[in-house]
Every structure is written in C-alpha cells, then in structure tokens.
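Undergrad: Here's a structure for you.
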Amino acid sequence: MERKIYWTKINKIIEESSEVKTYLLDIPEGFTWEEGAHTHLALKGFNEGEKPNKGLVRHMSICTLPAENSIGITTRIKEQCSEFKSILRNLNVGDEVALFKIHSNVPLKRQDKNIYLLSSGVGLATFRPLVLTYLNQPENVKSIHSLNIDSKRNFLFTDVFTSDPVKNFTAEFVDNRNDYYEEVKKLAADQEGLYYIVGSDEFILQNIDVFREQGITLEQIVLDKREQHLAKFFSTEASI
C-alpha cells in the first residue's frame with residue numbers, strides 16, 4: 001500500500017535554547033494524531049530519486065495536540081550535525097516539509113495508577129502532549145510525575161512542566177546522573193506505577209536496569225518503540 005505523504009509549511013520557529021528549536025507546522029487536511037504520537041519528517045528532495053533518500057528523513061515525536069492548531073516538532077541541532085539537521089536549521093517560515101507514517105507507542109494509559117515520565121533532554125517533547133491531555137482530562141490516572149535530566153540545564157516547556165498539587169502533577173528537573181538515578185530509585189518505590197521512558201537507547205537500558213533492581217516488572221515499563229523493537233530492550237540479555 002502506498003504511504004500517504006503530507007506536504008505542509010512551517011508557520012513558526014521557536015528558539016528553545018542555543019541548540020534546541022521547535023518547528024510549528026500547518027496541519028494538512030486529513031492529518032490526525034493522538035498524544036504521544038510520532039511521525040516521519042522529510043525534507044524536499046527525499047523522494048525524487050528511484051529510491052527515497054533516507055538521509056533526508058527523520059523519525060520525530062509530535063510535541064503538540066491537535067487543539068493547538070499546529071504540528072510541533074522539537075529537536076536538538078548541534079553546531080556539528082547531520083546533513084538532515086543542517087538543512088533543517090536553515091529552513092524558514094513558509095518553507096515546505098513532508099510528513100508520513102503517524103503512530104503512537106505511548107498514549108496515556110488510564111488504569112487508575114500513578115504514571116512516571118522519565119526523559120533525557122529533548123525527549124521531554126514526547127511527554128508534553130501527554131501532560132496536557134492529563135491536565136485537561138485526568139480521569140482514571142491517579143497522578144503524573146515527570147523527571148527530566150539535562151546536563152546543560154536548558155529545561156524545556158517549563159510553562160507546561162510546572163508542578164500543580166491540585167491536579168496531582170509534579171515536574172522535576174535535574175542536571176546530573178547521580179541525582180537523576182537516586183530519584184529514579186525513589187520513584188520505583190511505587191510497585192504499582194507505570195514508568196514511561198524516552199531518550200537514547202543507552203539511557204533506556206540504564207533505566208530498565210535500575211527498575212529491574214528495584215522490582216519493577218517489564219509490563220510496567222512503557223517505551224516509545226514499535227513492538228518489533230521492544231525485544232532489544234526487554235530481553236534478559238539486553239543490558240549485558
């Protein structure tokens with residue numbers, strides 16, 4: 001089946017920090033998504049040859065909800081970066097990009113449990129729409145606690161990630177691994193909780209190791225990965 005490609009325009013670019021940008025895109029007709037969704041973002045020319053140029057395509061989380069009237073993509077662009085990010089960095093409002101393959105691995109699970117969102121750096125972008133959804137519709141979720149580590153202290157979305165005791169939402173930011181993993185161990189005291197993890201593969205595996213040591217089961221851990229990729233993280237040999 002031929003995939004549907006949505007061409008759309010950048011309507012705003014937000015400089016979150018010196019290395020992080022959020023691109024807000026117009027919503028093409030027929031493009032729908034739910035919280036925790038990701039898509040493929042492609043740049044002009046990616047499909048002009050006989051085979052798609054995979055160097056011009058990236059898998060990206062959507063950091064907005066449909067009600068915000070834009071598709072938000074937040075990404076870190078370092079001074080030394082890939083061809084894809086180099087081109088993206090030089091795009092302006094009005095320029096076109098393509099989107100295809102929309103899917104969500106991490107929707108908000110309404111199972112009357114506490115939910116813990118663990119992220120590294122811009123991984124927080126994946127969780128922004130989950131938090132917004134919870135704050136607007138908290139039914140069947142006991143509470144949410146977000147823990148984000150960013151060594152550069154460029155903490156993102158602090159307007160959304162602000163603790164709200166009335167709504168049972170806590171946001172915590174740390175800038176070093178020791179503090180981060182000490183806090184993870186404390187959170188794991190909740191043996192019934194659901195633990196969402198977003199970050200590099202190494203970060204995910206380290207978190208899973210800590211949770212296993214603390215008695216958390218794999219069924220309680222939610223990853224932003226397609227089902228066919230979960231074995232890499234959940235097999236008994238994954239962390240060896």
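Residue numbering restarts at 1 for every chain of the structure tokens, chains are lettered A, B, ... in their displayed order, and ligands are numbered from 1 as they appear.
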Got a sec: who's within 9 Å of segment 136-148 of chain A, counting only C-alpha atoms, leaving out chain neighbours fewer than 4 positions off, as a ChimeraX atom specification?
TA: /A:108-121,123-124,127,131-132,155,161,163,167-175,180,183-184,187
Undergrad: Going by DSSP on the backbone, which residues of segment 120-213 of chain A come out as strand (DSSP E or B)? List them as a list in words.
TA: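 Taking segment 120-213 of chain A and keeping strand (DSSP E or B) only, one gets Ser120, Val141, Lys142, Ser143, Ile144, His145, Ser146, Leu147, Asn148, Ile149, Asp164, Phe169, Thr170, Ala171, Glu172, Phe173, Val174, Leu194, Tyr195, Tyr196, Ile197 and Val198 of chain A.
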Undergrad: Atom CA of Thr158 of chain A and atom CA of Ala189 of chain A are how many Å apart?
TA: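 Here the two named atoms are 26.3 Å from each other.
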Undergrad: Which residues come within 8 Å of Ile216 of chain A, counting only C-alpha atoms, excluding same-chain residues fewer than 5 positions away, as a PDB file with C-alpha atoms, in the first residue's frame?
TA:
ATOM      1  CA  ALA A 188      10.401   2.890  41.925  1.00  0.00           C
ATOM      2  CA  GLN A 191       5.487  -1.030  42.872  1.00  0.00           C
ATOM      3  CA  PHE A 211      13.888  -0.535  37.649  1.00  0.00           C
TER       4      PHE A 211
END
Undergrad: Interatomic distance between atom CA of Leu223 of chain A and atom CA of Asn207 of chain A?
TA: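 Going from atom CA of Leu223 of chain A over to atom CA of Asn207 of chain A, I get 11.0 Å.
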Undergrad: May I ask which of the residues A:Leu41, A:Arg128, A:Asn47, A:Pro52 is the closest one to Lys85 of chain A, counting only C-alpha atoms?
TA: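 Answer, going by the shortest atom-to-atom distance: A:Leu41.
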Undergrad: Calculated over only C-alpha atoms, which of the candidates A:Glu29, A:Gly36, A:Tyr195, A:Lys185 has the smallest distance to Glu213 of chain A?
TA: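 Using only C-alpha atoms, Glu213 of chain A sits closest to A:Lys185.
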Undergrad: Any idea what the distance is between atom CA of Leu99 of chain A and atom CA of Tyr6 of chain A?
TA: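 Pair atom CA of Leu99 of chain A / atom CA of Tyr6 of chain A returns 5.0 Å.
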Undergrad: From the list A:Ile14, A:Leu156, A:Ala98, A:Leu24, which residue is nearest Ile73 of chain A when using only C-alpha atoms?
TA: A:Leu24
Undergrad: Can you list, as a PyMOL selection string, every residue of chain A that DSSP puts in alpha helix (DSSP H)?
TA: chain A and resi 83-89+124-136+177-187+201-213+231-234
Undergrad: Could the residues in this selection be saved with N, CA and C atoms as a short mmCIF file (atom, residue, chain, number, x, y, z; two decimals), in the first residue's frame?
TA:
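Resulting contents of again.cif:
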data_model
loop_
_atom_site.label_atom_id
_atom_site.label_comp_id
_atom_site.auth_asym_id
_atom_site.auth_seq_id
_atom_site.Cartn_x
_atom_site.Cartn_y
_atom_site.Cartn_z
N GLU A 83 23.53 16.01 7.75
CA GLU A 83 23.00 16.75 6.60
C GLU A 83 21.56 17.15 6.84
N PHE A 84 20.77 16.21 7.38
CA PHE A 84 19.36 16.48 7.64
C PHE A 84 19.19 17.70 8.55
N LYS A 85 19.91 17.70 9.67
CA LYS A 85 19.74 18.80 10.63
C LYS A 85 20.35 20.10 10.12
N SER A 86 21.39 19.99 9.31
CA SER A 86 21.98 21.19 8.73
C SER A 86 20.99 21.88 7.80
N ILE A 87 20.27 21.09 7.00
CA ILE A 87 19.25 21.66 6.11
C ILE A 87 18.10 22.22 6.93
N LEU A 88 17.66 21.43 7.92
CA LEU A 88 16.53 21.87 8.76
C LEU A 88 16.84 23.19 9.45
N ARG A 89 18.06 23.34 9.93
CA ARG A 89 18.47 24.56 10.64
C ARG A 89 18.31 25.80 9.77
N LEU A 124 11.80 15.11 26.44
CA LEU A 124 10.64 15.68 27.13
C LEU A 124 9.54 16.07 26.14
N ALA A 125 9.91 16.36 24.89
CA ALA A 125 8.93 16.77 23.88
C ALA A 125 7.86 15.69 23.69
N THR A 126 8.25 14.43 23.79
CA THR A 126 7.29 13.34 23.63
C THR A 126 6.21 13.40 24.71
N PHE A 127 6.60 13.86 25.91
CA PHE A 127 5.68 13.83 27.04
C PHE A 127 4.81 15.07 27.16
N ARG A 128 5.18 16.15 26.49
CA ARG A 128 4.39 17.38 26.61
C ARG A 128 2.89 17.15 26.31
N PRO A 129 2.54 16.49 25.20
CA PRO A 129 1.11 16.29 24.92
C PRO A 129 0.43 15.34 25.91
N LEU A 130 1.19 14.40 26.49
CA LEU A 130 0.58 13.52 27.49
C LEU A 130 0.19 14.32 28.73
N VAL A 131 1.08 15.23 29.13
CA VAL A 131 0.80 16.05 30.31
C VAL A 131 -0.39 16.98 30.05
N LEU A 132 -0.42 17.60 28.89
CA LEU A 132 -1.55 18.48 28.55
C LEU A 132 -2.86 17.71 28.54
N THR A 133 -2.83 16.50 27.98
CA THR A 133 -4.04 15.67 27.95
C THR A 133 -4.49 15.33 29.36
N TYR A 134 -3.54 14.96 30.21
CA TYR A 134 -3.87 14.62 31.60
C TYR A 134 -4.44 15.83 32.35
N LEU A 135 -3.82 16.98 32.20
CA LEU A 135 -4.28 18.17 32.92
C LEU A 135 -5.69 18.57 32.51
N ASN A 136 -6.03 18.30 31.24
CA ASN A 136 -7.38 18.61 30.74
C ASN A 136 -8.38 17.50 31.05
N ARG A 177 23.63 12.87 36.54
CA ARG A 177 23.19 11.49 36.56
C ARG A 177 22.98 10.96 37.98
N ASN A 178 23.83 11.37 38.92
CA ASN A 178 23.68 10.88 40.29
C ASN A 178 22.32 11.24 40.87
N ASP A 179 21.97 12.53 40.75
CA ASP A 179 20.67 12.98 41.26
C ASP A 179 19.54 12.28 40.52
N TYR A 180 19.71 12.13 39.21
CA TYR A 180 18.66 11.51 38.40
C TYR A 180 18.38 10.08 38.88
N TYR A 181 19.42 9.26 38.98
CA TYR A 181 19.19 7.85 39.32
C TYR A 181 18.81 7.65 40.78
N GLU A 182 19.24 8.55 41.65
CA GLU A 182 18.76 8.49 43.04
C GLU A 182 17.26 8.73 43.07
N GLU A 183 16.81 9.67 42.26
CA GLU A 183 15.37 9.97 42.22
C GLU A 183 14.59 8.81 41.58
N VAL A 184 15.17 8.19 40.54
CA VAL A 184 14.51 7.05 39.90
C VAL A 184 14.27 5.94 40.93
N LYS A 185 15.27 5.68 41.75
CA LYS A 185 15.13 4.63 42.78
C LYS A 185 14.00 4.97 43.75
N LYS A 186 13.88 6.24 44.09
CA LYS A 186 12.78 6.65 44.99
C LYS A 186 11.42 6.45 44.32
N LEU A 187 11.33 6.81 43.04
CA LEU A 187 10.06 6.66 42.31
C LEU A 187 9.66 5.19 42.21
N ASP A 201 19.03 4.97 23.36
CA ASP A 201 18.96 3.54 23.70
C ASP A 201 19.72 3.25 24.98
N GLU A 202 20.89 3.86 25.13
CA GLU A 202 21.70 3.66 26.33
C GLU A 202 20.95 4.13 27.58
N PHE A 203 20.32 5.29 27.48
CA PHE A 203 19.55 5.86 28.60
C PHE A 203 18.41 4.91 28.98
N ILE A 204 17.71 4.40 27.97
CA ILE A 204 16.59 3.49 28.23
C ILE A 204 17.07 2.23 28.95
N LEU A 205 18.15 1.62 28.45
CA LEU A 205 18.66 0.39 29.05
C LEU A 205 19.12 0.62 30.49
N GLN A 206 19.76 1.76 30.75
CA GLN A 206 20.20 2.06 32.12
C GLN A 206 19.01 2.19 33.06
N ASN A 207 17.96 2.84 32.59
CA ASN A 207 16.75 2.99 33.40
C ASN A 207 16.10 1.64 33.68
N ILE A 208 16.02 0.80 32.65
CA ILE A 208 15.41 -0.53 32.82
C ILE A 208 16.20 -1.34 33.85
N ASP A 209 17.54 -1.25 33.79
CA ASP A 209 18.37 -1.94 34.77
C ASP A 209 18.02 -1.51 36.20
N VAL A 210 17.91 -0.21 36.40
CA VAL A 210 17.59 0.31 37.74
C VAL A 210 16.21 -0.18 38.18
N PHE A 211 15.24 -0.11 37.28
CA PHE A 211 13.89 -0.54 37.65
C PHE A 211 13.83 -2.03 37.98
N ARG A 212 14.56 -2.83 37.21
CA ARG A 212 14.58 -4.27 37.50
C ARG A 212 15.17 -4.54 38.88
N GLU A 213 16.24 -3.82 39.20
CA GLU A 213 16.86 -3.97 40.52
C GLU A 213 15.88 -3.61 41.64
N ALA A 231 12.03 -6.12 21.97
CA ALA A 231 12.86 -7.24 22.45
C ALA A 231 14.29 -6.79 22.74
N LYS A 232 14.77 -5.81 21.98
CA LYS A 232 16.13 -5.29 22.17
C LYS A 232 16.31 -4.75 23.59
N PHE A 233 15.22 -4.24 24.16
CA PHE A 233 15.31 -3.62 25.49
C PHE A 233 14.80 -4.54 26.60
N PHE A 234 13.87 -5.42 26.24
CA PHE A 234 13.22 -6.23 27.28
C PHE A 234 13.75 -7.66 27.38
#
Undergrad: Tell me, as an MDAnalysis selection string, which residues lie within 7 Å of Gly94 of chain A, counting only C-alpha atoms; anything in the same chain fewer than 3 positions away does not count.
TA: chainID A and resid 9:11
